[in-house]
Amino acid sequence: MMSRMMPAAGATPKGANSEESAARWVRGMFGRVAGRYDLLNHLLSFNLDKRWRRRTVERIADVLARPHAKVLDLCCGTGDVLLSMESRRGALADSRAAIFGSDFCHPMLLEARRKIGGARLHSPVFEADALALPLAHESLDLITVAFGFRNLANYQRGLYELERVLKPGGVLAVLEFSQPTNRIFRALYGFFSKYVLPLVGGLISGSRDAYSYLPESIRKFPRPEELAHQMRDCGFSSVEFERMTFGVVALHLAKK
Ligand SMILES: C[S@@+](CC[C@H](N)C(=O)[O-])C[C@H]1O[C@@H](n2cnc3c(N)ncnc32)[C@H](O)[C@@H]1O
């Protein structure tokens with residue numbers, strides 16, 4: 001049975017006793033699994049991760065279609081959302097959107113660069129901490145964050161930073177794991193994430209702690225209603241969310 005608890009203020013991996021040490025742990029952990037990240041993502045989600053990202057891009061397609069839109073895929077990891085947005089943009093006759101990616105984990109960015117090059121694209125990706133972006137105020141039309149937000153050391157600071165760099169009218173899309181709403185499905189999912197994820201993820205990636213952290217961080221992450229509330233508190237409006245796959249993930253959309 002999943003226990004209810006106060007929503008965490010940020011990621012708290014085991015052993016981390018400050019925001020700095022939490023961020024260091026998260027960066028190191030993603031660095032260790034970068035080479036196997038995509039394989040494990042697809043395998044452990046039964047390929048549903050592709051559908052979740054596709055749906056996200058579908059929901060923000062109107063922003064991509066804005067002429068000269070500036071778009072950041074934050075916590076881009078190996079670049080799947082960025083590539084999905086590029087392919088959507090390619091299908092729009094007159095879109096001149098500029099799509100960038102950023103992440104604070106170098107090995108993940110190397111994977112992203114390799115995939116972007118393989119797709120014969122030139123989308124720039126840069127190394128930056130989501131809590132202190134090297135970007136001007138009000139410079140972006142759209143920010144996407146897929147499965148990255150939960151790992152930030154401080155959610156409130158993250159939201160303020162994203163609000164800072166978005167233009168008025170700009171859109172934030174956060175795709176993140178959540179808890180299934182159905183009691184029976186939640187119990188099955190609880191078993192899968194507590195026992196199967198760490199075992200299979202640990203064996204394939206060689207980093208069992210990464211795949212023990214995953215369910216733990218999902219359990220501690222604010223519920224969709226609470227995250228929507230935090231977004232409004234940080235100045236976002238028109239906040240809405242949709243659950244997918246019985247609530248395994250939730251997509252939040254918000255406007256500055
Ligand atoms: C679970 S991966 C998600 C990657 C990708 N968005 C996807 O959909 O697969 C989370 C990513 O967030 C990045 N990340 C976590 N905290 C970050 C921070 N404070 N600043 C920048 N990137 C961060 C990690 O390095 C990692 O690449």
# chains A, B, ... in the order shown; residues from 1 in each chain; ligands from 1

call {"tool": "residues_near_ligand", "arguments": {"ligand": "ligand 1", "cutoff": "7 Å", "atoms": "only C-alpha atoms and all ligand atoms", "output": "VMD selection string"}}
result
chain A and resid 23 26 to 27 30 74 to 81 102 to 105 108 128 to 131 145 to 149 151 to 153

call {"tool": "residues_around", "arguments": {"residues": "Ser87 (chain A)", "least_positions_apart": "5", "cutoff": "12 Å", "atoms": "only C-alpha atoms", "output": "list in words"}}
result
Arg54, Val57, Glu58, Ala61, Leu64, Asp80, Val81, Leu82, Leu92, Ala93, Ser95, Ala97, Ile99, Ile116, Ala119, Arg120, Leu121 and Ser123 of chain A

call {"tool": "residues_around", "arguments": {"residues": "Glu226 (chain A)", "least_positions_apart": "6", "cutoff": "12 Å", "atoms": "only C-alpha atoms", "output": "list in words"}}
result
Met6, Pro7, Ala8, Ala9, Tyr155, Gln156, Ser178, Lys220, Arg232, Asp233, Val239, Glu240, Phe241, Ala250 and His252 of chain A

call {"tool": "write_last_selection", "arguments": {"atoms": "C-alpha atoms", "output": "mmCIF file, in the first residue's frame"}}
result
data_model
loop_
_atom_site.group_PDB
_atom_site.id
_atom_site.type_symbol
_atom_site.label_atom_id
_atom_site.label_comp_id
_atom_site.auth_asym_id
_atom_site.auth_seq_id
_atom_site.Cartn_x
_atom_site.Cartn_y
_atom_site.Cartn_z
ATOM 1 C CA MET A 6 3.419 15.627 2.699
ATOM 2 C CA PRO A 7 4.412 16.544 -0.860
ATOM 3 C CA ALA A 8 8.191 16.855 -1.093
ATOM 4 C CA ALA A 9 9.735 20.269 -1.735
ATOM 5 C CA TYR A 155 10.174 22.391 -7.234
ATOM 6 C CA GLN A 156 9.150 25.880 -6.261
ATOM 7 C CA SER A 178 2.197 9.937 -10.873
ATOM 8 C CA LYS A 220 7.194 11.324 -2.907
ATOM 9 C CA ARG A 232 -0.741 28.650 -9.737
ATOM 10 C CA ASP A 233 1.140 29.800 -6.630
ATOM 11 C CA VAL A 239 -3.342 25.332 -15.291
ATOM 12 C CA GLU A 240 -4.802 21.998 -16.322
ATOM 13 C CA PHE A 241 -3.696 18.399 -16.229
ATOM 14 C CA ALA A 250 0.123 13.153 -15.706
ATOM 15 C CA HIS A 252 0.295 19.472 -16.788
#

call {"tool": "closest_residue", "arguments": {"among": "A:Leu197, A:Asp62, A:Pro180, A:Tyr160", "to": "Ala210 (chain A)", "atoms": "only C-alpha atoms"}}
result
A:Leu197

call {"tool": "residues_around", "arguments": {"residues": "Ile218 (chain A)", "least_positions_apart": "2", "cutoff": "9 Å", "atoms": "only C-alpha atoms", "output": "ChimeraX atom specification"}}
result
/A:150,176-179,213-216,220-222

call {"tool": "write_last_selection", "arguments": {"atoms": "N, CA and C atoms", "output": "mmCIF file, in the first residue's frame"}}
result
data_model
loop_
_atom_site.group_PDB
_atom_site.id
_atom_site.type_symbol
_atom_site.label_atom_id
_atom_site.label_comp_id
_atom_site.auth_asym_id
_atom_site.auth_seq_id
_atom_site.Cartn_x
_atom_site.Cartn_y
_atom_site.Cartn_z
ATOM 1 N N ARG A 150 10.427 16.055 -11.633
ATOM 2 C CA ARG A 150 10.441 15.309 -10.358
ATOM 3 C C ARG A 150 11.845 15.245 -9.741
ATOM 4 N N GLU A 176 4.962 13.985 -16.217
ATOM 5 C CA GLU A 176 5.655 13.387 -15.067
ATOM 6 C C GLU A 176 4.912 12.150 -14.572
ATOM 7 N N PHE A 177 5.656 11.265 -13.941
ATOM 8 C CA PHE A 177 5.023 10.083 -13.347
ATOM 9 C C PHE A 177 4.117 10.495 -12.205
ATOM 10 N N SER A 178 3.112 9.660 -11.968
ATOM 11 C CA SER A 178 2.197 9.937 -10.873
ATOM 12 C C SER A 178 1.743 8.600 -10.283
ATOM 13 N N GLN A 179 0.688 8.635 -9.499
ATOM 14 C CA GLN A 179 0.165 7.410 -8.886
ATOM 15 C C GLN A 179 -1.143 7.031 -9.558
ATOM 16 N N TYR A 213 15.663 4.456 -6.793
ATOM 17 C CA TYR A 213 15.316 5.882 -6.632
ATOM 18 C C TYR A 213 14.043 6.221 -7.409
ATOM 19 N N LEU A 214 13.896 5.626 -8.601
ATOM 20 C CA LEU A 214 12.766 5.965 -9.487
ATOM 21 C C LEU A 214 11.399 5.806 -8.782
ATOM 22 N N PRO A 215 11.049 4.592 -8.271
ATOM 23 C CA PRO A 215 9.739 4.482 -7.607
ATOM 24 C C PRO A 215 9.637 5.331 -6.347
ATOM 25 N N GLU A 216 10.761 5.448 -5.654
ATOM 26 C CA GLU A 216 10.765 6.236 -4.410
ATOM 27 C C GLU A 216 10.451 7.709 -4.727
ATOM 28 N N LYS A 220 7.098 10.072 -3.672
ATOM 29 C CA LYS A 220 7.194 11.324 -2.907
ATOM 30 C C LYS A 220 6.721 12.544 -3.700
ATOM 31 N N PHE A 221 6.579 12.382 -5.014
ATOM 32 C CA PHE A 221 6.268 13.536 -5.857
ATOM 33 C C PHE A 221 4.834 14.008 -5.616
ATOM 34 N N PRO A 222 4.596 15.336 -5.634
ATOM 35 C CA PRO A 222 3.233 15.836 -5.406
ATOM 36 C C PRO A 222 2.221 15.225 -6.375
#

call {"tool": "decode", "arguments": {"residues": "region 221-245 of chain A", "atoms": "N, CA and C atoms", "output": "CSV table (one decimal), in the first residue's frame"}}
result
chain,number,residue,atom,x,y,z
A,221,PHE,N,6.6,12.4,-5.0
A,221,PHE,CA,6.3,13.5,-5.9
A,221,PHE,C,4.8,14.0,-5.6
A,222,PRO,N,4.6,15.3,-5.6
A,222,PRO,CA,3.2,15.8,-5.4
A,222,PRO,C,2.2,15.2,-6.4
A,223,ARG,N,1.0,15.0,-5.9
A,223,ARG,CA,-0.1,14.5,-6.7
A,223,ARG,C,-0.4,15.6,-7.8
A,224,PRO,N,-1.1,15.2,-8.9
A,224,PRO,CA,-1.3,16.2,-9.9
A,224,PRO,C,-2.1,17.5,-9.4
A,225,GLU,N,-3.0,17.3,-8.5
A,225,GLU,CA,-3.8,18.5,-8.0
A,225,GLU,C,-2.8,19.4,-7.2
A,226,GLU,N,-1.9,18.8,-6.5
A,226,GLU,CA,-1.0,19.6,-5.7
A,226,GLU,C,0.0,20.3,-6.6
A,227,LEU,N,0.5,19.6,-7.6
A,227,LEU,CA,1.4,20.3,-8.5
A,227,LEU,C,0.7,21.4,-9.3
A,228,ALA,N,-0.5,21.2,-9.6
A,228,ALA,CA,-1.3,22.3,-10.3
A,228,ALA,C,-1.4,23.5,-9.4
A,229,HIS,N,-1.6,23.2,-8.1
A,229,HIS,CA,-1.8,24.3,-7.1
A,229,HIS,C,-0.4,25.0,-7.0
A,230,GLN,N,0.7,24.3,-6.9
A,230,GLN,CA,2.0,24.9,-6.9
A,230,GLN,C,2.3,25.8,-8.1
A,231,MET,N,1.8,25.3,-9.2
A,231,MET,CA,2.0,26.1,-10.5
A,231,MET,C,1.3,27.5,-10.4
A,232,ARG,N,0.0,27.4,-9.9
A,232,ARG,CA,-0.7,28.6,-9.7
A,232,ARG,C,-0.1,29.6,-8.7
A,233,ASP,N,0.4,29.0,-7.7
A,233,ASP,CA,1.1,29.8,-6.6
A,233,ASP,C,2.4,30.5,-7.2
A,234,CYS,N,3.0,29.9,-8.2
A,234,CYS,CA,4.2,30.5,-8.8
A,234,CYS,C,3.9,31.4,-10.0
A,235,GLY,N,2.6,31.7,-10.2
A,235,GLY,CA,2.2,32.7,-11.1
A,235,GLY,C,1.7,32.2,-12.5
A,236,PHE,N,1.5,30.9,-12.6
A,236,PHE,CA,1.0,30.4,-13.8
A,236,PHE,C,-0.5,30.4,-13.8
A,237,SER,N,-1.1,30.5,-15.0
A,237,SER,CA,-2.6,30.5,-15.1
A,237,SER,C,-3.0,29.4,-16.0
A,238,SER,N,-4.3,29.3,-16.2
A,238,SER,CA,-4.9,28.3,-17.1
A,238,SER,C,-4.3,26.9,-16.9
A,239,VAL,N,-4.0,26.6,-15.6
A,239,VAL,CA,-3.3,25.3,-15.3
A,239,VAL,C,-4.3,24.2,-15.4
A,240,GLU,N,-3.9,23.2,-16.2
A,240,GLU,CA,-4.8,22.0,-16.3
A,240,GLU,C,-3.9,20.8,-16.4
A,241,PHE,N,-4.5,19.6,-16.1
A,241,PHE,CA,-3.7,18.4,-16.2
A,241,PHE,C,-4.6,17.3,-16.7
A,242,GLU,N,-3.9,16.3,-17.4
A,242,GLU,CA,-4.6,15.1,-17.8
A,242,GLU,C,-3.8,13.9,-17.4
A,243,ARG,N,-4.5,12.9,-16.9
A,243,ARG,CA,-3.9,11.7,-16.5
A,243,ARG,C,-3.8,10.8,-17.7
A,244,MET,N,-2.8,9.9,-17.8
A,244,MET,CA,-2.7,9.0,-18.9
A,244,MET,C,-2.4,7.6,-18.3
A,245,THR,N,-2.8,6.5,-19.0
A,245,THR,CA,-2.6,5.2,-18.5
A,245,THR,C,-3.0,5.0,-17.1
